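Content type mmCIF, C-alpha atoms and all ligand atoms, from the file target_19.cif:
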```cif
data_data
loop_
_atom_site.label_atom_id
_atom_site.label_comp_id
_atom_site.auth_asym_id
_atom_site.auth_seq_id
_atom_site.Cartn_x
_atom_site.Cartn_y
_atom_site.Cartn_z
CA MET E 1 -16.39 -6.07 23.52
CA ARG E 2 -14.21 -2.98 22.91
CA ALA E 3 -11.21 -2.94 20.56
CA LEU E 4 -8.47 -0.32 20.79
CA ILE E 5 -7.23 0.32 17.25
CA ILE E 6 -3.78 1.91 17.06
CA GLY E 7 -3.40 3.88 13.81
CA GLY E 8 -5.95 5.86 11.81
CA GLY E 9 -4.24 5.51 8.42
CA ILE E 10 -5.71 3.21 5.78
CA GLY E 11 -6.17 -0.11 7.58
CA GLY E 12 -7.30 1.36 10.93
CA PRO E 13 -10.60 2.90 9.75
CA ALA E 14 -11.39 -0.15 7.58
CA THR E 15 -10.85 -2.43 10.57
CA ALA E 16 -13.02 -0.19 12.72
CA MET E 17 -15.94 -0.43 10.26
CA ALA E 18 -15.58 -4.20 9.96
CA LEU E 19 -15.51 -4.64 13.75
CA LEU E 20 -18.59 -2.47 14.14
CA LYS E 21 -20.40 -4.67 11.64
CA ALA E 22 -19.30 -7.70 13.69
CA GLY E 23 -20.84 -6.19 16.83
CA ILE E 24 -17.58 -5.00 18.46
CA GLU E 25 -17.02 -1.40 19.62
CA PRO E 26 -13.91 0.06 17.92
CA VAL E 27 -12.02 3.15 19.18
CA VAL E 28 -9.28 4.51 16.90
CA HIS E 29 -6.15 6.14 18.35
CA GLU E 30 -3.94 8.03 15.89
CA ALA E 31 -0.50 9.56 16.57
CA TYR E 32 -1.00 12.64 14.38
CA ASP E 33 -2.45 15.63 16.24
CA ALA E 34 -5.10 16.06 13.54
CA PRO E 35 -6.15 14.15 10.42
CA ALA E 36 -3.23 14.22 7.96
CA ASP E 37 -5.26 13.78 4.81
CA PHE E 38 -2.77 15.09 2.31
CA THR E 39 0.15 12.79 3.04
CA GLY E 40 1.49 10.39 0.46
CA SER E 41 1.04 10.40 -3.27
CA PHE E 42 -1.22 7.99 -5.12
CA LEU E 43 -1.72 4.27 -4.84
CA ASN E 44 -3.43 1.39 -6.55
CA THR E 45 -6.34 -0.38 -4.95
CA ALA E 46 -6.60 -3.74 -6.64
CA SER E 47 -9.79 -5.66 -7.44
CA ASN E 48 -9.25 -7.90 -4.38
CA GLY E 49 -8.97 -4.86 -2.10
CA LEU E 50 -12.06 -3.24 -3.63
CA ASP E 51 -13.94 -6.47 -3.09
CA ALA E 52 -12.87 -6.62 0.56
CA LEU E 53 -14.17 -3.09 1.13
CA ARG E 54 -17.57 -4.08 -0.25
CA ALA E 55 -18.04 -6.05 2.98
CA VAL E 56 -18.23 -2.70 4.78
CA ASP E 57 -20.12 -0.97 1.95
CA VAL E 58 -17.42 1.49 0.88
CA ASP E 59 -17.03 2.32 -2.82
CA ILE E 60 -13.66 4.01 -3.33
CA ALA E 61 -14.22 4.78 -6.99
CA ALA E 62 -17.37 6.75 -6.19
CA ARG E 63 -16.22 8.40 -2.96
CA ALA E 64 -12.44 8.98 -3.23
CA ASP E 65 -12.16 10.15 -6.85
CA GLY E 66 -10.83 6.71 -7.76
CA PHE E 67 -10.48 6.02 -11.46
CA PRO E 68 -9.90 2.71 -13.21
CA ILE E 69 -6.50 1.81 -14.63
CA PRO E 70 -7.07 -1.54 -16.34
CA HIS E 71 -4.08 -1.37 -18.64
CA MET E 72 -0.31 -0.81 -18.50
CA GLU E 73 2.14 -0.19 -21.34
CA LEU E 74 5.86 -0.79 -20.89
CA TRP E 75 8.52 1.19 -22.72
CA SER E 76 12.28 1.53 -22.90
CA GLY E 77 13.73 4.95 -22.11
CA THR E 78 14.44 5.46 -25.81
CA GLY E 79 10.77 5.06 -26.71
CA LYS E 80 10.70 1.42 -27.84
CA LYS E 81 7.46 -0.28 -26.81
CA LEU E 82 8.31 -3.40 -24.82
CA GLY E 83 4.78 -4.69 -24.31
CA GLU E 84 1.35 -4.32 -22.75
CA VAL E 85 -0.13 -5.98 -19.70
CA GLU E 86 -3.41 -5.86 -17.84
CA ASN E 87 -3.22 -4.12 -14.46
CA GLY E 88 -4.34 -7.15 -12.51
CA VAL E 89 -6.70 -9.95 -13.42
CA ARG E 90 -10.37 -9.05 -13.58
CA PRO E 91 -12.71 -11.14 -11.45
CA ALA E 92 -15.95 -12.46 -12.93
CA ASP E 93 -17.81 -9.22 -12.07
CA GLY E 94 -15.31 -7.21 -14.15
CA THR E 95 -13.93 -5.11 -11.24
CA VAL E 96 -10.85 -3.14 -12.34
CA SER E 97 -8.08 -1.77 -10.10
CA VAL E 98 -8.52 1.92 -9.27
CA CYS E 99 -5.94 4.61 -8.68
CA VAL E 100 -6.54 6.99 -5.74
CA LYS E 101 -4.69 9.75 -3.93
CA ARG E 102 -3.64 8.21 -0.63
CA GLY E 103 -4.66 11.22 1.45
CA LEU E 104 -8.13 11.34 -0.07
CA LEU E 105 -8.59 7.60 0.47
CA GLN E 106 -7.66 8.03 4.13
CA LYS E 107 -10.08 10.98 4.48
CA VAL E 108 -13.00 9.09 2.93
CA LEU E 109 -12.43 6.03 5.10
CA ARG E 110 -12.22 8.14 8.26
CA GLU E 111 -15.30 10.23 7.42
CA GLU E 112 -17.27 7.11 6.59
CA ALA E 113 -16.23 5.45 9.85
CA MET E 114 -17.06 8.58 11.87
CA SER E 115 -20.46 8.85 10.19
CA ARG E 116 -21.17 5.38 11.59
CA GLY E 117 -20.44 6.64 15.10
CA ILE E 118 -16.86 5.34 15.45
CA ALA E 119 -14.67 7.44 17.77
CA PHE E 120 -11.27 8.74 16.57
CA HIS E 121 -8.78 10.23 19.04
CA TYR E 122 -5.87 12.26 17.68
CA GLY E 123 -2.54 13.07 19.32
CA LYS E 124 -2.52 9.53 20.77
CA ARG E 125 0.87 8.02 19.99
CA LEU E 126 1.02 4.54 21.50
CA GLU E 127 3.96 4.18 23.83
CA SER E 128 3.22 0.90 25.58
CA TYR E 129 0.45 -1.51 26.52
CA HIS E 130 0.06 -4.32 28.99
CA ALA E 131 -2.46 -7.05 29.62
CA ASP E 132 -4.75 -6.12 32.50
CA PRO E 133 -4.64 -8.89 35.17
CA ARG E 134 -8.44 -8.52 35.46
CA GLY E 135 -8.75 -9.14 31.69
CA GLY E 136 -8.33 -6.98 28.64
CA VAL E 137 -5.60 -4.49 27.83
CA VAL E 138 -4.40 -1.06 28.95
CA ALA E 139 -2.71 1.20 26.36
CA THR E 140 -0.52 4.14 27.39
CA PHE E 141 0.07 7.05 25.03
CA ALA E 142 2.94 9.53 24.75
CA ASP E 143 0.74 12.31 26.23
CA GLY E 144 0.47 10.26 29.44
CA THR E 145 -3.17 9.23 28.95
CA THR E 146 -4.39 5.63 28.92
CA ALA E 147 -7.22 3.68 27.30
CA THR E 148 -8.68 0.30 28.16
CA GLY E 149 -10.26 -2.34 25.99
CA ASP E 150 -10.72 -6.06 25.57
CA LEU E 151 -8.14 -6.26 22.78
CA LEU E 152 -5.67 -4.06 20.93
CA ILE E 153 -5.14 -3.99 17.17
CA GLY E 154 -1.85 -2.57 15.85
CA ALA E 155 -2.70 -0.82 12.56
CA ASP E 156 0.23 1.54 13.08
CA GLY E 157 2.08 1.02 9.83
CA ILE E 158 5.49 -0.20 8.77
CA HIS E 159 7.38 1.18 11.79
CA SER E 160 4.76 -0.19 14.17
CA ARG E 161 5.25 0.45 17.85
CA THR E 162 2.73 -2.30 18.59
CA ARG E 163 4.90 -4.83 16.71
CA HIS E 164 7.92 -3.81 18.73
CA ILE E 165 6.11 -4.22 22.06
CA LEU E 166 4.51 -7.47 20.96
CA ASN E 167 7.85 -8.92 19.91
CA PRO E 168 10.99 -6.85 20.66
CA ASP E 169 12.95 -9.33 18.48
CA ALA E 170 10.76 -8.75 15.42
CA PRO E 171 12.90 -8.21 12.31
CA ALA E 172 13.20 -4.57 11.27
CA PRO E 173 11.71 -3.60 7.90
CA THR E 174 14.11 -4.52 5.09
CA TYR E 175 15.43 -1.94 2.65
CA THR E 176 14.56 -3.01 -0.93
CA GLY E 177 17.35 -0.98 -2.55
CA LEU E 178 14.86 1.45 -4.10
CA VAL E 179 13.93 5.04 -3.40
CA GLY E 180 10.46 6.18 -4.49
CA VAL E 181 9.79 9.72 -5.69
CA GLY E 182 6.51 11.11 -7.01
CA GLY E 183 4.21 14.02 -7.60
CA TYR E 184 1.60 15.66 -9.83
CA SER E 185 2.20 17.72 -12.94
CA ARG E 186 0.78 19.20 -16.14
CA HIS E 187 2.17 19.07 -19.66
CA PRO E 188 0.35 20.77 -22.57
CA GLY E 189 1.77 18.30 -25.08
CA LEU E 190 0.45 15.11 -23.45
CA LYS E 191 -3.05 13.77 -24.11
CA PRO E 192 -5.09 11.87 -21.51
CA THR E 193 -3.94 8.26 -21.23
CA THR E 194 -7.44 7.08 -20.29
CA GLY E 195 -7.34 3.71 -18.55
CA THR E 196 -3.60 3.29 -19.12
CA GLN E 197 -0.52 3.81 -17.00
CA HIS E 198 2.81 4.02 -18.83
CA LEU E 199 5.89 2.43 -17.27
CA ILE E 200 9.32 3.31 -18.63
CA PHE E 201 12.58 1.46 -18.01
CA GLY E 202 14.94 4.43 -18.28
CA ARG E 203 18.69 4.18 -18.64
CA LYS E 204 19.32 5.03 -14.99
CA ALA E 205 15.90 4.94 -13.30
CA PHE E 206 12.32 3.72 -13.66
CA PHE E 207 9.47 6.14 -14.46
CA GLY E 208 5.67 5.80 -14.41
CA TYR E 209 2.95 8.25 -15.39
CA LEU E 210 -0.66 8.63 -16.40
CA VAL E 211 -2.61 11.66 -17.63
CA ARG E 212 -6.19 12.17 -16.42
CA GLU E 213 -8.96 13.68 -18.57
CA SER E 214 -8.50 16.94 -16.64
CA GLY E 215 -4.87 17.07 -17.81
CA GLU E 216 -3.49 16.34 -14.35
CA ILE E 217 -0.50 14.01 -14.54
CA TYR E 218 0.30 11.50 -11.79
CA TRP E 219 3.97 10.49 -11.93
CA PHE E 220 6.49 8.49 -9.93
CA ALA E 221 10.09 7.37 -10.28
CA ASN E 222 12.01 4.52 -8.66
CA LEU E 223 15.72 4.99 -8.19
CA ASP E 224 18.21 2.17 -7.69
CA ARG E 225 20.17 3.08 -4.52
CA PRO E 226 22.18 0.17 -3.07
CA VAL E 227 23.01 2.16 0.09
CA GLU E 228 19.95 3.27 2.05
CA PRO E 229 19.75 7.08 2.21
CA THR E 230 18.68 8.84 5.39
CA ARG E 231 15.51 10.89 5.63
CA ALA E 232 17.68 14.01 5.94
CA GLU E 233 19.44 13.14 2.68
CA LEU E 234 16.13 12.68 0.89
CA ALA E 235 14.78 15.93 2.27
CA ALA E 236 17.91 17.83 1.23
CA THR E 237 17.78 16.58 -2.38
CA ASP E 238 16.78 18.98 -5.16
CA TRP E 239 14.60 16.39 -6.91
CA LYS E 240 13.84 18.37 -10.05
CA ARG E 241 17.53 18.84 -10.74
CA HIS E 242 18.55 15.33 -9.69
CA LEU E 243 15.84 13.58 -11.72
CA ALA E 244 16.61 15.77 -14.76
CA GLU E 245 20.16 14.40 -14.61
CA LEU E 246 19.03 10.80 -14.12
CA PHE E 247 16.59 10.87 -17.04
CA ALA E 248 18.89 12.92 -19.31
CA GLY E 249 19.42 9.96 -21.66
CA ASP E 250 15.71 9.11 -21.97
CA GLN E 251 12.68 10.56 -23.78
CA PRO E 252 12.59 14.36 -23.12
CA PHE E 253 8.93 14.40 -21.99
CA ILE E 254 9.96 12.58 -18.77
CA ARG E 255 12.10 15.53 -17.72
CA GLU E 256 9.35 17.94 -18.83
CA ILE E 257 6.74 16.19 -16.66
CA ILE E 258 9.04 16.39 -13.65
CA ALA E 259 9.96 20.02 -14.33
CA GLY E 260 6.24 20.91 -14.59
CA SER E 261 5.36 19.45 -11.19
CA THR E 262 2.57 21.48 -9.66
CA GLY E 263 3.22 20.74 -5.99
CA PRO E 264 5.82 19.25 -3.71
CA ILE E 265 7.77 16.20 -4.88
CA GLY E 266 7.57 13.45 -2.26
CA SER E 267 10.35 10.95 -1.64
CA TYR E 268 10.63 7.87 0.55
CA VAL E 269 12.82 4.84 1.08
CA VAL E 270 11.08 1.62 -0.01
CA HIS E 271 11.01 -1.02 2.73
CA ASP E 272 9.15 -4.28 3.08
CA ILE E 273 8.71 -6.95 5.76
CA PRO E 274 9.11 -10.37 4.11
CA THR E 275 8.02 -12.18 7.25
CA SER E 276 7.35 -11.24 10.85
CA PRO E 277 7.29 -14.31 13.09
CA VAL E 278 4.79 -13.10 15.70
CA TRP E 279 1.49 -11.54 14.61
CA HIS E 280 -0.36 -11.74 17.91
CA ARG E 281 0.36 -12.31 21.56
CA GLY E 282 -1.97 -11.99 24.53
CA PRO E 283 -4.52 -9.23 23.88
CA ALA E 284 -2.73 -7.66 20.85
CA VAL E 285 -2.67 -8.42 17.12
CA LEU E 286 -1.17 -6.74 14.03
CA ILE E 287 -2.78 -5.86 10.70
CA GLY E 288 -1.63 -4.19 7.48
CA ASP E 289 1.89 -2.83 7.14
CA ALA E 290 2.53 -3.42 10.85
CA ALA E 291 2.40 -7.16 10.18
CA HIS E 292 3.61 -7.50 6.60
CA ALA E 293 4.55 -4.31 4.73
CA THR E 294 4.94 -4.78 0.98
CA SER E 295 6.87 -2.66 -1.48
CA PRO E 296 4.50 -0.62 -3.67
CA SER E 297 5.44 -2.35 -6.95
CA ALA E 298 2.55 -4.82 -6.92
CA GLY E 299 0.09 -2.12 -5.83
CA GLN E 300 -1.24 -4.31 -3.00
CA GLY E 301 -0.34 -2.49 0.28
CA ALA E 302 -3.75 -0.92 0.87
CA SER E 303 -5.58 -3.98 -0.47
CA MET E 304 -3.78 -6.32 1.94
CA ALA E 305 -4.74 -4.03 4.84
CA PHE E 306 -8.40 -4.11 3.71
CA GLU E 307 -8.39 -7.89 3.45
CA ASP E 308 -6.81 -8.18 6.92
CA ALA E 309 -9.47 -5.86 8.35
CA ILE E 310 -12.38 -7.93 7.09
CA VAL E 311 -10.87 -11.32 7.96
CA LEU E 312 -9.92 -10.23 11.49
CA ALA E 313 -13.44 -8.94 12.14
CA LYS E 314 -14.94 -12.20 10.87
CA CYS E 315 -12.62 -14.23 13.12
CA LEU E 316 -13.57 -12.16 16.18
CA ARG E 317 -17.22 -12.59 15.25
CA ASP E 318 -17.06 -16.36 14.75
CA ARG E 319 -14.42 -17.80 17.07
CA PRO E 320 -15.27 -18.39 20.74
CA ASP E 321 -12.59 -16.15 22.27
CA VAL E 322 -9.87 -13.62 21.40
CA PRO E 323 -6.89 -16.09 21.30
CA ALA E 324 -8.84 -18.45 19.02
CA ALA E 325 -9.84 -15.52 16.79
CA PHE E 326 -6.24 -14.24 16.48
CA ALA E 327 -4.97 -17.75 15.66
CA ALA E 328 -7.65 -18.19 12.98
CA TYR E 329 -6.82 -14.75 11.52
CA GLU E 330 -3.13 -15.60 11.18
CA ARG E 331 -3.97 -18.99 9.69
CA GLU E 332 -6.21 -17.33 7.07
CA ARG E 333 -3.78 -14.55 6.17
CA ARG E 334 -0.09 -15.36 6.63
CA GLU E 335 0.64 -17.50 3.56
CA ARG E 336 -1.21 -15.18 1.21
CA VAL E 337 0.33 -11.90 2.38
CA GLU E 338 3.87 -13.31 2.42
CA LYS E 339 3.39 -14.50 -1.16
CA VAL E 340 2.25 -11.00 -2.16
CA VAL E 341 5.24 -9.36 -0.42
CA ALA E 342 7.64 -11.71 -2.23
CA TYR E 343 5.97 -11.10 -5.60
CA SER E 344 6.11 -7.33 -5.11
CA ARG E 345 9.79 -7.56 -4.15
CA SER E 346 10.52 -9.41 -7.42
CA LEU E 347 8.83 -6.59 -9.36
CA SER E 348 10.87 -4.02 -7.44
CA ASP E 349 14.08 -5.85 -8.34
CA SER E 350 13.17 -5.72 -12.04
CA LYS E 351 13.12 -1.91 -11.84
CA LYS E 352 16.77 -1.66 -10.85
CA ALA E 353 18.90 -0.15 -13.57
CA PRO E 354 21.11 -2.71 -15.37
CA GLY E 355 24.29 -1.81 -17.24
CA PRO E 356 24.32 -1.36 -21.04
CA VAL E 357 24.56 -5.11 -21.73
CA GLY E 358 21.78 -5.95 -19.27
CA ARG E 359 19.66 -3.21 -20.83
CA PHE E 360 20.17 -4.65 -24.31
CA PHE E 361 19.03 -8.12 -23.24
CA ARG E 362 16.13 -6.76 -21.16
CA ASP E 363 14.75 -4.80 -24.10
CA LEU E 364 15.21 -7.87 -26.30
CA MET E 365 13.64 -10.39 -23.94
CA MET E 366 10.93 -8.32 -22.25
CA PRO E 367 8.33 -8.64 -25.05
CA ILE E 368 8.70 -12.44 -25.01
CA PHE E 369 8.62 -12.57 -21.21
CA LEU E 370 5.52 -10.35 -21.07
CA LYS E 371 3.65 -12.50 -23.57
CA ARG E 372 4.24 -15.53 -21.36
CA SER E 373 3.64 -13.98 -17.95
CA ALA E 374 0.67 -11.85 -18.97
CA SER E 375 -1.58 -14.88 -19.27
CA ALA E 376 -4.89 -14.11 -17.61
CA GLU E 377 -4.51 -16.78 -14.97
CA ALA E 378 -0.89 -16.10 -13.91
CA HIS E 379 -1.87 -13.79 -11.06
CA ALA E 380 -5.48 -14.79 -10.54
CA TRP E 381 -4.56 -16.02 -7.03
CA MET E 382 -3.86 -12.41 -6.06
CA TYR E 383 -6.62 -10.47 -7.80
CA ARG E 384 -9.54 -12.88 -7.72
CA HIS E 385 -9.27 -13.58 -4.00
CA ARG E 386 -12.72 -13.18 -2.42
CA ILE E 387 -13.77 -12.81 1.21
CA THR E 388 -17.40 -13.63 1.85
CA TRP E 389 -18.64 -11.75 4.90
CA ASP E 390 -21.49 -14.13 5.67
CA SER E 391 -19.54 -17.40 5.48
CA PRO E 392 -18.42 -18.56 8.95
CA VAL E 393 -14.72 -18.90 9.87
CA ALA E 394 -13.90 -22.56 10.36
CA ALA E 395 -12.46 -23.87 13.64
C1 LIG I 401 2.32 9.26 5.23
C2 LIG I 401 2.20 8.02 4.38
C3 LIG I 401 2.31 8.11 3.00
C4 LIG I 401 2.22 6.97 2.20
N1 LIG I 401 2.30 7.12 0.86
C5 LIG I 401 2.13 6.05 0.05
C6 LIG I 401 2.15 6.21 -1.35
O1 LIG I 401 2.31 7.31 -1.87
N2 LIG I 401 1.98 5.09 -2.13
C7 LIG I 401 1.79 3.84 -1.56
O2 LIG I 401 1.63 2.85 -2.29
N3 LIG I 401 1.76 3.67 -0.23
C8 LIG I 401 1.93 4.73 0.59
N4 LIG I 401 1.90 4.58 1.92
C9 LIG I 401 1.72 3.24 2.45
C10 LIG I 401 0.29 2.75 2.32
O3 LIG I 401 -0.60 3.78 2.61
C11 LIG I 401 0.19 1.55 3.25
O4 LIG I 401 1.01 0.52 2.73
C12 LIG I 401 -1.14 0.88 3.31
O5 LIG I 401 -2.16 1.75 3.15
C13 LIG I 401 -1.27 0.02 4.58
O6 LIG I 401 -2.03 0.72 5.56
P1 LIG I 401 -1.79 0.62 7.12
O7 LIG I 401 -3.04 1.12 7.73
O8 LIG I 401 -1.26 -0.70 7.49
O9 LIG I 401 -0.63 1.66 7.42
P2 LIG I 401 -0.62 3.23 7.23
O10 LIG I 401 -1.56 3.65 6.17
O11 LIG I 401 0.79 3.59 7.13
O12 LIG I 401 -1.24 3.80 8.60
C14 LIG I 401 -0.57 3.71 9.86
C15 LIG I 401 -1.09 4.82 10.74
O13 LIG I 401 -0.63 4.59 12.08
C16 LIG I 401 -0.20 5.83 12.64
N5 LIG I 401 0.78 5.52 13.70
C17 LIG I 401 2.06 5.15 13.57
N6 LIG I 401 2.63 4.93 14.78
C18 LIG I 401 1.66 5.15 15.70
C19 LIG I 401 1.63 5.06 17.11
N7 LIG I 401 2.71 4.71 17.86
N8 LIG I 401 0.46 5.36 17.76
C20 LIG I 401 -0.65 5.72 17.05
N9 LIG I 401 -0.67 5.80 15.69
C21 LIG I 401 0.48 5.52 15.02
C22 LIG I 401 0.37 6.58 11.45
O14 LIG I 401 0.43 7.97 11.70
C23 LIG I 401 -0.61 6.21 10.35
O15 LIG I 401 -1.69 7.09 10.28
C24 LIG I 401 2.01 5.69 2.78
C25 LIG I 401 1.88 5.61 4.18
C26 LIG I 401 1.97 6.75 4.98
C27 LIG I 401 1.79 6.67 6.49
#
```

In structure tokens, write the structure found in this file.
Ligand SMILES: Cc1cc2nc3c(=O)[nH]c(=O)nc-3n(C[C@H](O)[C@H](O)[C@H](O)COP(=O)(O)OP(=O)(O)OC[C@H]3O[C@@H](n4cnc5c(N)ncnc54)[C@H](O)[C@@H]3O)c2cc1C
Amino acid sequence: MRALIIGGGIGGPATAMALLKAGIEPVVHEAYDAPADFTGSFLNTASNGLDALRAVDVDIAARADGFPIPHMELWSGTGKKLGEVENGVRPADGTVSVCVKRGLLQKVLREEAMSRGIAFHYGKRLESYHADPRGGVVATFADGTTATGDLLIGADGIHSRTRHILNPDAPAPTYTGLVGVGGYSRHPGLKPTTGTQHLIFGRKAFFGYLVRESGEIYWFANLDRPVEPTRAELAATDWKRHLAELFAGDQPFIREIIAGSTGPIGSYVVHDIPTSPVWHRGPAVLIGDAAHATSPSAGQGASMAFEDAIVLAKCLRDRPDVPAAFAAYERERRERVEKVVAYSRSLSDSKKAPGPVGRFFRDLMMPIFLKRSASAEAHAWMYRHRITWDSPVAA
């Protein structure tokens, strides 16, 4: 059986490796003309995502310069400590969430997949596909070429072309009201924050940072923007100047970190997909952001794609035919991913800047709220989720 995978980002290569292990030939088709390994800033891979990747024997921490961030400290913009929380719930084996640069993660996954003999084709932007009357599927790319397979997997991200073809009525990604900005920096006055990420509720915007042992600082900001900006508006923004204004009323080191940025400052509009009614139809199925994009606040986007990859491969391995496998995959995944998307959206909402009165009550109540919600079991459903490769998928 041959599977056409559309998208060579994060979920595509993971799916390819899982399919190979299940005895299916994967072929990856990516829209970029060449590997784009330096796109995106950094992301969290949670213990559940790391566990999923173990099924295909990939260790992100060892291979993609991943480093553990078990701990988070929350602060007000004026420097008042609001509380401490664990970054996820540790499973019994003690696995801790790791932070990785997105581009490096993508590179490692691709190189690992290629080393196993999996083919990647670049410059292949999916335009359309149709079921072949003789069986299987034919995909047509923007360069006019075609590819044939027994099934097609849309791993083509939040603005998925596959999703649109599969269901032209699929809801568009929803704007969360936040803009994300981020980059890397250095600051001689800041010591390494080993194992800890600091999150700051500023007067007008939300800021996060960590300092590695090498002195490199990873930082991001979330800005409350009720009206969705265009890409052109984001690209035209002088971020250093704009963020300096936004954080003017907060601790000075925030502005110093931003001013000391060592490379480009990335910006993007934060979307999610709370629910997408159709995940599969005929020979095609969706995984990762194409099916259920989540805002980055819960740090679960990559992990959900990894879980999808492994579960889909298991379903194709164990169910008697492709329709039965796709139905089993949706049954195993839908409720969980939609719960994660909703949880992440609630975290995103808490980052929106309140007025002075709201700020007063937030700073007053947050320590109490954190003590209650930080109980070890509160989010165990998300972080301790395990997928056992060898256990069969039930009918
Ligand atoms: C450039 C970029 C930067 C990102 N930066 C961050 C970040 O800093 N922090 C964070 O938390 N998350 C980030 N994300 C999102 C995060 O990587 C995803 O949520 C997560 O990894 C889910 O992976 P996915 O494979 O479903 O989608 P993605 O990782 O988005 O991969 C989708 C892939 O499909 C390709 N593609 C799209 N359309 C087509 C088509 N028609 N034909 C063929 N290929 C197509 C894309 O080029 C891309 O390589 C970023 C995503 C991208 C694409």

Considering only C-alpha atoms, return as a JSON list (two decimals) with C-alpha atoms, keeping the file's coordinate frame whatever protein or nucleic-acid residues lie within 6 Å of Pro13 in chain E, sequence-local ones (same chain, fewer than 2 positions apart) excluded.
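The new file result_24.json reads:
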```json
[["chain", "number", "residue", "atom", "x", "y", "z"],
["E", 8, "GLY", "CA", -5.95, 5.86, 11.81],
["E", 11, "GLY", "CA", -6.17, -0.11, 7.58],
["E", 15, "THR", "CA", -10.85, -2.43, 10.57],
["E", 16, "ALA", "CA", -13.02, -0.19, 12.72],
["E", 109, "LEU", "CA", -12.43, 6.03, 5.10],
["E", 110, "ARG", "CA", -12.22, 8.14, 8.26]]
```

- Message: I need the residue nearest ligand LIG 401 (chain I) from this list: E:Val337, E:Leu223, E:Leu126, E:Ile5. Use all atoms listed in the file for the distance.
- Response: E:Leu126

- Message: To check your reading of the model: which residues sit at most 6 Å from ligand LIG 401 (chain I) when counting only C-alpha atoms and all ligand atoms? Write the answer as a PyMOL selection string.
- Response: chain E and resi 6-12+29-32+39-43+124-126+155-157+160-161+288-290+296+301-302+305

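Compared by their closest atoms to Ala378 in chain E, and using all atoms listed in the file, the residues E:Asp37, E:Glu86, E:Asp143, E:Asp363 rank with E:Glu86 nearest.
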
- Task: Take the point (-3.9, -8.5, 9.5) in the file's coordinates, draw a sphere of radius 8 Å around it, and report as a list in words every protein, DNA or RNA residue with an atom inside or on it, counting only C-alpha atoms.
- Result: Val285, Leu286, Ile287, Gly288, Ala291, Met304, Ala305, Glu307, Asp308, Ala309, Val311, Leu312, Tyr329, Glu330 and Arg333 of chain E

- Message: Just to confirm, what's the straight-line distance from CA of Ala142 in chain E to CA of Leu4 in chain E in Å (one decimal)?
- Response: 15.6 Å

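Across the model, the gap from CA of Ala328 in chain E to CA of Pro392 in chain E is 11.5 Å.
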
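CA of Gly149 in chain E to CA of Gly136 in chain E spans 5.7 Å [interatomic distance, one decimal].
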
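Shortest atom-to-atom contact with Leu178 in chain E among E:Ser348, E:Ser276, E:Thr140, E:Ser261: E:Ser348, counting all atoms listed in the file.
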